[in-house]
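*Asks:* What follows is a single structure, and I will ask about it in a moment.
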Amino acid sequence: MAYRSKAEGPDGIIQITKTEVAWAEHLKKKVEIAVETNPAIEASLSFGSYPLSTMETETKQVMNRFKSSAGFSNMGIHYYNTWKQLVEK
């Protein structure tokens with residue numbers, strides 16, 4: 001779980017997950033990086049207060065950064081119901 005709402009920079013999704021992705025690659029395993037969509041959580045920790053396009057832009061940056069890593073599987077969503085609400089807005 002990457003409780004962040006930005007891909008880049010200090011304390012961004014890439015920064016806080018790069019060690020886990022590298023470790024998974026070393027162990028010949030894969031990790032999925034999930035993001036939060038619950039709007040009740042602080043905006044810097046969740047995409048729930050942002051439009052869906054923001055989440056898509058940020059998660060694409062993460063996927064592009066890790067796509068060549070054997071330790072990266074994919075992106076995931078923590079709560080389906082709150083993600084669905086973002087899609088339906």
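Ordered as shown in the structure tokens, chains take letters A, B, and onward, while each chain numbers its residues from 1 and ligands are numbered from 1 in the order shown.
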Write out as a ChimeraX atom specification which residues come within 12 Å of Lys84 in chain A when counting only C-alpha atoms, dropping same-chain ones fewer than 4 positions away.

*Replies:* /A:37-38,48,51-52,77-80,88-89

*Asks:* Using only C-alpha atoms, what table do you get, as a tab-separated table, when you list each residue of range 6-26 of chain A with an atom no more than 8 Å from range 55-74 of chain A, its nearest pair of atoms, and their distance in Å rounded to one decimal, rows by chain then rising number?

*Replies:*
```
residue	atom	partner	partner_atom	distance
A:Lys6	CA	A:Glu58	CA	5.8
A:Ala7	CA	A:Glu58	CA	5.1
A:Glu8	CA	A:Gln61	CA	7.9
A:Ile13	CA	A:Val62	CA	7.1
A:Ile14	CA	A:Val62	CA	6.1
A:Val21	CA	A:Gly71	CA	5.1
A:Ala22	CA	A:Gly71	CA	6.2
A:Trp23	CA	A:Gly71	CA	7.4
A:Ala24	CA	A:Gly71	CA	4.7
A:Glu25	CA	A:Gly71	CA	3.7
A:His26	CA	A:Gly71	CA	7.5
```

*Asks:* Extract, using only C-alpha atoms, all DNA, RNA and protein residues at most 6 Å from Ser46 in chain A, discarding same-chain residues fewer than 3 positions from it, and format them as a PyMOL selection string.

*Replies:* chain A and resi 4-5+36-37+43

*Asks:* Extract the full set of helix (DSSP H, G or I) residues from chain A according to DSSP on the backbone, and format it as a PyMOL selection string.

*Replies:* chain A and resi 13-26+43-45+52-66+80-88

*Asks:* Using only C-alpha atoms for the distances, tell me which of A:Met1, A:Leu86, A:Ala34, A:Leu27 is nearest to Ser49 in chain A.

*Replies:* A:Leu86

*Asks:* Expressed in Å to a single decimal, how great is the separation between CA of Lys28 in chain A and CA of Asp11 in chain A?

*Replies:*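 Spanning CA of Lys28 in chain A to CA of Asp11 in chain A is a straight-line distance of 25.9 Å.
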
*Asks:* Rounded to one decimal in Å, what is the spacing between CA of Val35 in chain A and CA of Asn81 in chain A?

*Replies:*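 Between these atoms lies a distance of 13.3 Å.
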